[in-house]
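K.L.:
Before I ask anything, let me first share the structure, which is written out below as structure tokens.
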Amino acid sequence: PGPLAGLSPLVRKLVAQHGVDVAQVTGTGMRGRITKDDVLRFVHSGAPDWEAAQVIADADASTTLVLTPLRRTIAEHLSRAAREIPAAWSMVEVDVTGLVAYRDAHRESFEREHGVPLTYLPFAAHVVAEALGDNPRLNARWAGDHIVLNTAVNLSVAVSTGAGLTVPVVRDAGGLSVTELARRIHELTAAARSGSLMLDDVRDGTFTLNNTGALGSTVSVPIINHPQAAIV
């Protein structure tokens, strides 16, 4: 029997879709059977780690990095978004002089008290979460013949890692303070970069916040995180 023998049709479909080597997946089902969650957990873990990915040298002395399941999933996911979501973008300038002064005055004491750094991101997350409460159609997804309005704001936050881009989810962000958001974003970012995110940490996001300012960019036009409606 081949390596896919004994797998359910859904698991076989996921394995083929994400290019997963089932020999590297640990099954948690009855008698070690590989389940849907086992495959998804493997994909979102970024395994095998990009630094351990096989590097193949060709005759021209160039190198090729073998795609990890995470990178393959990112490529397929964002390609689908670009194909299926008609996108328009707008930029609005905001004077954050007061925010900069506040952060400068409190960043050291905040980190001493709460054990996490005070960046601009949790302030942005707080504003976005409140705005989505007032504009529920932005916190929605297209579902063929109808639109689903999500009641909770589950804020996806884009995090760049060595294995690729991932978007862990801050659940019920609309009910969190800036301090709570800072702590949760810090925890999720650390987990993403250490490869220890769980499946529940990356699913059911309703809106995405992308943080390219840390890279030095002034304006960026990100791809919407399918099947969400918008991204900031």
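Ordering of the structure tokens sets the chain letters (A, B, ...), residue numbers begin anew at 1 in every chain, and ligands are numbered from 1 in the order given.
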Give me the residues near A:Glu113 as a list in words, where near means some atom within 12 Å (using only C-alpha atoms) and where sequence neighbours in that chain fewer than 6 positions away do not count.
P.N.:
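With the cut-off at 12 Å, the set is His106, Arg107, Thr179 and Arg183 of chain A.
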K.L.:
Using only C-alpha atoms, which residues sit within 7 Å of stretch 222-231 of chain A once same-chain residues fewer than 5 positions away are excluded, as a PyMOL selection string?
P.N.:
chain A and resi 78+81-82+138-142+206-209
K.L.:
Go ahead and dump the residues you just picked, all heavy atoms, as an mmCIF file, in the first residue's frame.
P.N.:
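Okay, this is what ended up in result_5.cif:
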data_model
loop_
_atom_site.group_PDB
_atom_site.id
_atom_site.type_symbol
_atom_site.label_atom_id
_atom_site.label_comp_id
_atom_site.auth_asym_id
_atom_site.auth_seq_id
_atom_site.Cartn_x
_atom_site.Cartn_y
_atom_site.Cartn_z
ATOM 1 N N LEU A 78 -2.432 33.407 -0.951
ATOM 2 C CA LEU A 78 -2.377 34.783 -1.430
ATOM 3 C C LEU A 78 -2.681 34.862 -2.922
ATOM 4 O O LEU A 78 -3.255 35.857 -3.390
ATOM 5 C CB LEU A 78 -1.010 35.395 -1.123
ATOM 6 C CG LEU A 78 -0.702 35.565 0.371
ATOM 7 C CD1 LEU A 78 0.637 36.265 0.574
ATOM 8 C CD2 LEU A 78 -1.811 36.338 1.082
ATOM 9 N N ALA A 81 -6.389 34.869 -3.127
ATOM 10 C CA ALA A 81 -6.922 36.174 -2.731
ATOM 11 C C ALA A 81 -6.797 37.174 -3.867
ATOM 12 O O ALA A 81 -7.724 37.943 -4.153
ATOM 13 C CB ALA A 81 -6.184 36.686 -1.496
ATOM 14 N N ALA A 82 -5.632 37.179 -4.534
ATOM 15 C CA ALA A 82 -5.415 38.123 -5.626
ATOM 16 C C ALA A 82 -6.360 37.855 -6.795
ATOM 17 O O ALA A 82 -6.794 38.777 -7.484
ATOM 18 C CB ALA A 82 -3.958 38.060 -6.082
ATOM 19 N N LEU A 138 -17.100 45.573 7.342
ATOM 20 C CA LEU A 138 -15.679 45.353 7.099
ATOM 21 C C LEU A 138 -15.173 44.128 7.855
ATOM 22 O O LEU A 138 -14.129 43.573 7.516
ATOM 23 C CB LEU A 138 -14.860 46.582 7.509
ATOM 24 C CG LEU A 138 -15.000 47.802 6.596
ATOM 25 C CD1 LEU A 138 -14.207 48.974 7.164
ATOM 26 C CD2 LEU A 138 -14.523 47.479 5.191
ATOM 27 N N ASN A 139 -15.914 43.751 8.879
ATOM 28 C CA ASN A 139 -15.565 42.561 9.665
ATOM 29 C C ASN A 139 -16.409 41.390 9.166
ATOM 30 O O ASN A 139 -17.126 40.735 9.921
ATOM 31 C CB ASN A 139 -15.828 42.825 11.153
ATOM 32 C CG ASN A 139 -15.211 41.771 12.056
ATOM 33 O OD1 ASN A 139 -14.055 41.418 11.898
ATOM 34 N ND2 ASN A 139 -15.999 41.274 13.000
ATOM 35 N N ALA A 140 -16.323 41.130 7.867
ATOM 36 C CA ALA A 140 -17.219 40.177 7.224
ATOM 37 C C ALA A 140 -16.459 39.331 6.220
ATOM 38 O O ALA A 140 -15.274 39.555 5.957
ATOM 39 C CB ALA A 140 -18.351 40.934 6.522
ATOM 40 N N ARG A 141 -17.167 38.357 5.662
ATOM 41 C CA ARG A 141 -16.569 37.547 4.595
ATOM 42 C C ARG A 141 -17.624 37.219 3.555
ATOM 43 O O ARG A 141 -18.804 37.079 3.860
ATOM 44 C CB ARG A 141 -15.951 36.267 5.151
ATOM 45 C CG ARG A 141 -16.923 35.226 5.656
ATOM 46 C CD ARG A 141 -16.205 33.961 6.125
ATOM 47 N NE ARG A 141 -17.126 32.900 6.495
ATOM 48 C CZ ARG A 141 -17.690 32.762 7.672
ATOM 49 N NH1 ARG A 141 -17.416 33.632 8.630
ATOM 50 N NH2 ARG A 141 -18.521 31.761 7.917
ATOM 51 N N TRP A 142 -17.167 37.116 2.325
ATOM 52 C CA TRP A 142 -18.020 36.758 1.205
ATOM 53 C C TRP A 142 -18.239 35.257 1.224
ATOM 54 O O TRP A 142 -17.297 34.489 1.391
ATOM 55 C CB TRP A 142 -17.334 37.179 -0.085
ATOM 56 C CG TRP A 142 -18.132 36.948 -1.327
ATOM 57 C CD1 TRP A 142 -18.030 35.876 -2.174
ATOM 58 C CD2 TRP A 142 -19.133 37.799 -1.874
ATOM 59 N NE1 TRP A 142 -18.900 36.004 -3.214
ATOM 60 C CE2 TRP A 142 -19.604 37.181 -3.061
ATOM 61 C CE3 TRP A 142 -19.694 39.007 -1.478
ATOM 62 C CZ2 TRP A 142 -20.595 37.750 -3.858
ATOM 63 C CZ3 TRP A 142 -20.671 39.571 -2.273
ATOM 64 C CH2 TRP A 142 -21.120 38.949 -3.447
ATOM 65 N N THR A 206 -10.981 37.394 11.380
ATOM 66 C CA THR A 206 -12.044 38.108 10.657
ATOM 67 C C THR A 206 -11.545 39.376 9.970
ATOM 68 O O THR A 206 -12.238 39.931 9.109
ATOM 69 C CB THR A 206 -13.188 38.490 11.618
ATOM 70 O OG1 THR A 206 -12.691 39.375 12.641
ATOM 71 C CG2 THR A 206 -13.783 37.244 12.266
ATOM 72 N N PHE A 207 -10.356 39.851 10.324
ATOM 73 C CA PHE A 207 -9.789 41.074 9.743
ATOM 74 C C PHE A 207 -8.295 41.056 10.038
ATOM 75 O O PHE A 207 -7.883 40.523 11.078
ATOM 76 C CB PHE A 207 -10.434 42.317 10.374
ATOM 77 C CG PHE A 207 -10.099 43.619 9.682
ATOM 78 C CD1 PHE A 207 -10.934 44.141 8.704
ATOM 79 C CD2 PHE A 207 -8.956 44.332 10.014
ATOM 80 C CE1 PHE A 207 -10.628 45.337 8.072
ATOM 81 C CE2 PHE A 207 -8.646 45.525 9.394
ATOM 82 C CZ PHE A 207 -9.480 46.033 8.418
ATOM 83 N N THR A 208 -7.487 41.615 9.128
ATOM 84 C CA THR A 208 -6.035 41.537 9.305
ATOM 85 C C THR A 208 -5.408 42.915 9.463
ATOM 86 O O THR A 208 -5.778 43.869 8.764
ATOM 87 C CB THR A 208 -5.378 40.802 8.121
ATOM 88 O OG1 THR A 208 -5.842 39.458 8.106
ATOM 89 C CG2 THR A 208 -3.852 40.803 8.243
ATOM 90 N N LEU A 209 -4.457 42.995 10.386
ATOM 91 C CA LEU A 209 -3.637 44.191 10.596
ATOM 92 C C LEU A 209 -2.207 43.853 10.194
ATOM 93 O O LEU A 209 -1.615 42.918 10.734
ATOM 94 C CB LEU A 209 -3.697 44.610 12.069
ATOM 95 C CG LEU A 209 -2.856 45.815 12.499
ATOM 96 C CD1 LEU A 209 -3.297 47.072 11.763
ATOM 97 C CD2 LEU A 209 -2.966 46.021 14.005
#
K.L.:
Would you give me, as a list in words, the residues in stretch 20-220 of chain A that DSSP reads as strand (DSSP E or B)?
P.N.:
Val55, Ile56, Ala57, Thr63, Thr64, Leu65, Ala140, Arg141, Trp142, Ile147, Val148, Leu149, Leu155, Ser156, Val157, Val159, Ser160, Thr161, Gly164, Leu165, Thr166, Val169, Val170, Phe207, Thr208 and Leu209 of chain A
K.L.:
Could you tell me how far atom CA of A:Thr151 sits from atom CA of A:Ile185, in Å to one decimal place?
P.N.:
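Those two atoms sit 21.0 Å apart.
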K.L.:
When you count only C-alpha atoms, which of these residues is closest to A:Phe42: A:Ala87, A:Met30, A:Leu149, A:Leu70?
P.N.:
A:Leu70
K.L.:
Work out how far atom CA of A:Gly195 is from atom CA of A:Asp37, in Å to one decimal.
P.N.:
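Those two atoms sit 16.5 Å apart.
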K.L.:
Using only C-alpha atoms, find each residue of stretch 57-175 of chain A with at least one atom at most 12 Å away from an atom of stretch 18-21 of chain A; report its shortest atom-to-atom pair and that distance in Å (one decimal), sort the rows by chain and rising residue number, and return the result as CSV.
P.N.:
residue,atom,partner,partner_atom,distance
A:Val66,CA,A:Gly19,CA,11.2
A:Leu67,CA,A:Gly19,CA,8.9
A:Thr68,CA,A:Gly19,CA,8.5
A:Pro69,CA,A:His18,CA,5.9
A:Leu70,CA,A:His18,CA,8.2
A:Arg71,CA,A:His18,CA,9.4
A:Arg72,CA,A:His18,CA,6.4
A:Thr73,CA,A:His18,CA,6.0
A:Ile74,CA,A:His18,CA,9.8
A:Ala75,CA,A:His18,CA,10.2
A:Glu76,CA,A:His18,CA,8.6
A:His77,CA,A:His18,CA,10.4
K.L.:
Between A:Thr28, A:Asn211, A:Thr189, A:Asn135, which residue has the minimum interatomic distance to A:Val170, considering only C-alpha atoms?
P.N.:
A:Thr189
K.L.:
Go through A:Ala192, A:Val221, A:Leu132, A:Val116 and flag the residue nearest A:Gly162, using only C-alpha atoms for the distances.
P.N.:
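Closest candidate: A:Ala192.
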K.L.:
Leaving out A:Gly175 and any residue of its chain fewer than 3 positions from it, which residues lie within 12 Å of it when counting only C-alpha atoms, given as a list in words?
P.N.:
Ala125, His126, Val127, Val128, Ala129, Glu130, Leu132, Gly133, Thr151, Ala152, Val153, Asn154, Leu155, Val170, Arg171, Asp172, Val178, Thr179, Glu180 and Leu181 of chain A
K.L.:
Measuring between only C-alpha atoms, which one of A:Asn150, A:Thr119, A:Ser156, A:Thr64 shows the shortest distance to A:Gly213?
P.N.:
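Comparing A:Asn150, A:Thr119, A:Ser156, A:Thr64 against A:Gly213, the winner is A:Thr119.
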K.L.:
Hey, which of A:Ser109, A:Ser160, A:Gln17, A:Ser8 ends up closest to A:Leu215? Count only C-alpha atoms.
P.N.:
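Of A:Ser109, A:Ser160, A:Gln17, A:Ser8, the one nearest A:Leu215, counting only C-alpha atoms, is A:Ser160.
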K.L.:
If DSSP is run on the backbone, what residues of stretch 108-228 of chain A are helix (DSSP H, G or I)? A reply as number ranges by chain would be ideal.
P.N.:
A: 108-114, 121-134, 136-138, 173-175, 178-194, 199-201, 213-215
K.L.:
Would you kindly return, as an MDAnalysis selection string, each protein, DNA or RNA residue with an atom no farther than 12 Å from any atom of A:Gly6, considering only C-alpha atoms and excluding same-chain residues fewer than 3 positions away?
P.N.:
chainID A and resid 1:3 9:12 22 27 29:35
K.L.:
Give me the residues near stretch 103-105 of chain A as an mmCIF file with C-alpha atoms, in the first residue's frame, where near means some atom within 10 Å (using only C-alpha atoms) and where sequence neighbours in that chain fewer than 3 positions away do not count.
P.N.:
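Just written: selection.cif:
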data_model
loop_
_atom_site.group_PDB
_atom_site.id
_atom_site.type_symbol
_atom_site.label_atom_id
_atom_site.label_comp_id
_atom_site.auth_asym_id
_atom_site.auth_seq_id
_atom_site.Cartn_x
_atom_site.Cartn_y
_atom_site.Cartn_z
ATOM 1 C CA GLY A 98 0.454 62.639 21.017
ATOM 2 C CA LEU A 99 0.794 58.866 20.694
ATOM 3 C CA VAL A 100 4.536 59.115 20.086
ATOM 4 C CA GLU A 108 10.167 51.794 30.117
ATOM 5 C CA SER A 109 7.683 51.699 32.983
ATOM 6 C CA PHE A 110 5.233 49.691 30.891
ATOM 7 C CA LEU A 118 5.189 48.885 24.353
ATOM 8 C CA THR A 119 5.140 49.291 20.570
ATOM 9 C CA TYR A 120 2.742 51.229 18.347
ATOM 10 C CA PHE A 123 -2.550 51.035 19.842
#
K.L.:
For A:His186, which residue among A:Gly174, A:Pro86, A:Gly115, A:Gly205 is the nearest when counting only C-alpha atoms?
P.N.:
A:Gly115
